[in-house]
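Chemist: Sending over a structure as structure tokens; questions will come in a sec.
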Amino acid sequence: MANLGIPGNTIEVLQKYHFIFQKKYGQNFLIDTRVLDKIMGAADLTEDDCVLEIGPGIGTMTQYLAERAGEVVAVEIDRNLIPILEETLSAYTNVTLINQDILKMDVKKLARERGKALKVVANLPYYITTPIIMGLFENHVPLKSITVMVQKEVAQRMQAGPGTKDYGALSLAVQYYARPEIVAYVPQNCFIPRPQVGSSVICLEKYDTPPVKVNAEEQFFAIIRASFNQRRKTLVNGLGNAPELGISREQIAAALEQMQLPPAVRGEALTLEQFAMLSNLLF
């Protein structure tokens, strides 16, 4: 089968099937072999790996994955793409195609059936990047790593550290579960149709156990969310205003004092370790 990373081959397939891009699915197909090679390098695949690809499109990256991994499970929501995928992937016996919405799928069951942790490799639809990634982490799906193409700003937020403008709840949530590393910036002209934003490939190496210990994971994440809901507020006010936490300003002030932090400190100044400590003092 022709390499779909070459633009002319992609256009040929799209014309053959009279394919119409669906805006609601955020479809932007990758047409750059160098970027595909970079993704493969970052995903570090072997024949022992089972890869979950979310949104394979016409199978461009799927071909690359199938040549390197033991098995590829490609989950595509758009049923109009299934006949195209059946053709473009016909040469590969190690690809399983599933026509489903990844957010409604039991990925944990998929990993159980394979008897191994999965590697996720995908060019993600940008409008649901965060729900997909956080869904995989929060549901404790057995994963080795997630190597994905995302919007450039989202990748920067995932990798950001305290005190920076990109640092927020997403940075902390991702860094609790995995070690993020941006491996490539990808300009708009590497896609068809061209997206309106720049993209990045980010690799999230999953931790076996989180780098910090928290007594109550749910409350820990609730504290993080409340800290960044109103960024300009001090922690005492931001957390004190969050009815779901049910903690008083006095309790928060006392915990901060115990941590030797100033009473007017804001959430954006705290590290992951400090958020864990605060959560453990309050819950």
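Please note that chains go A, B, ... in the order of the structure tokens, that every chain numbers its residues from 1, and that ligands are numbered from 1 in the order shown.
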With only C-alpha atoms as the counted atoms, please give the residues lying no more than 10 Å from range 53-56 of chain A, apart from itself and same-chain residues fewer than 5 positions off, as a PyMOL selection string.

Modeler: chain A and resi 25-27+29+61-63+65+72-78+81-82+85+97-102+119-125+132+146-148

Chemist: If you count only C-alpha atoms, which residues fall within 12 Å of Ser227 in chain A, apart from same-chain ones fewer than 5 positions away, as a ChimeraX atom specification?

Modeler: /A:167-170,172,220-222,232-242,245,252,265-270,275,278-279

Chemist: Could you find all residues in range 66-271 of chain A that DSSP calls strand (DSSP E or B) from the backbone, and write them as number ranges by chain?

Modeler: A: 71-76, 95-99, 118-123, 143-151, 178-186, 191-192, 199-206, 234, 266

Chemist: Mind giving me the straight-line distance from CA of Ile58 in chain A to CA of Asn80 in chain A in Å, one decimal?

Modeler: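 Pair CA of Ile58 in chain A / CA of Asn80 in chain A returns 10.0 Å.
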
Chemist: Name the residues of range 34-283 of chain A that fall into alpha helix (DSSP H) according to DSSP on the backbone, using the chain letters and numbers of this document, as a ChimeraX atom specification.

Modeler: /A:34-43,60-68,82-88,107-114,129-138,152-159,169-177,217-229,235-240,249-258,272-282
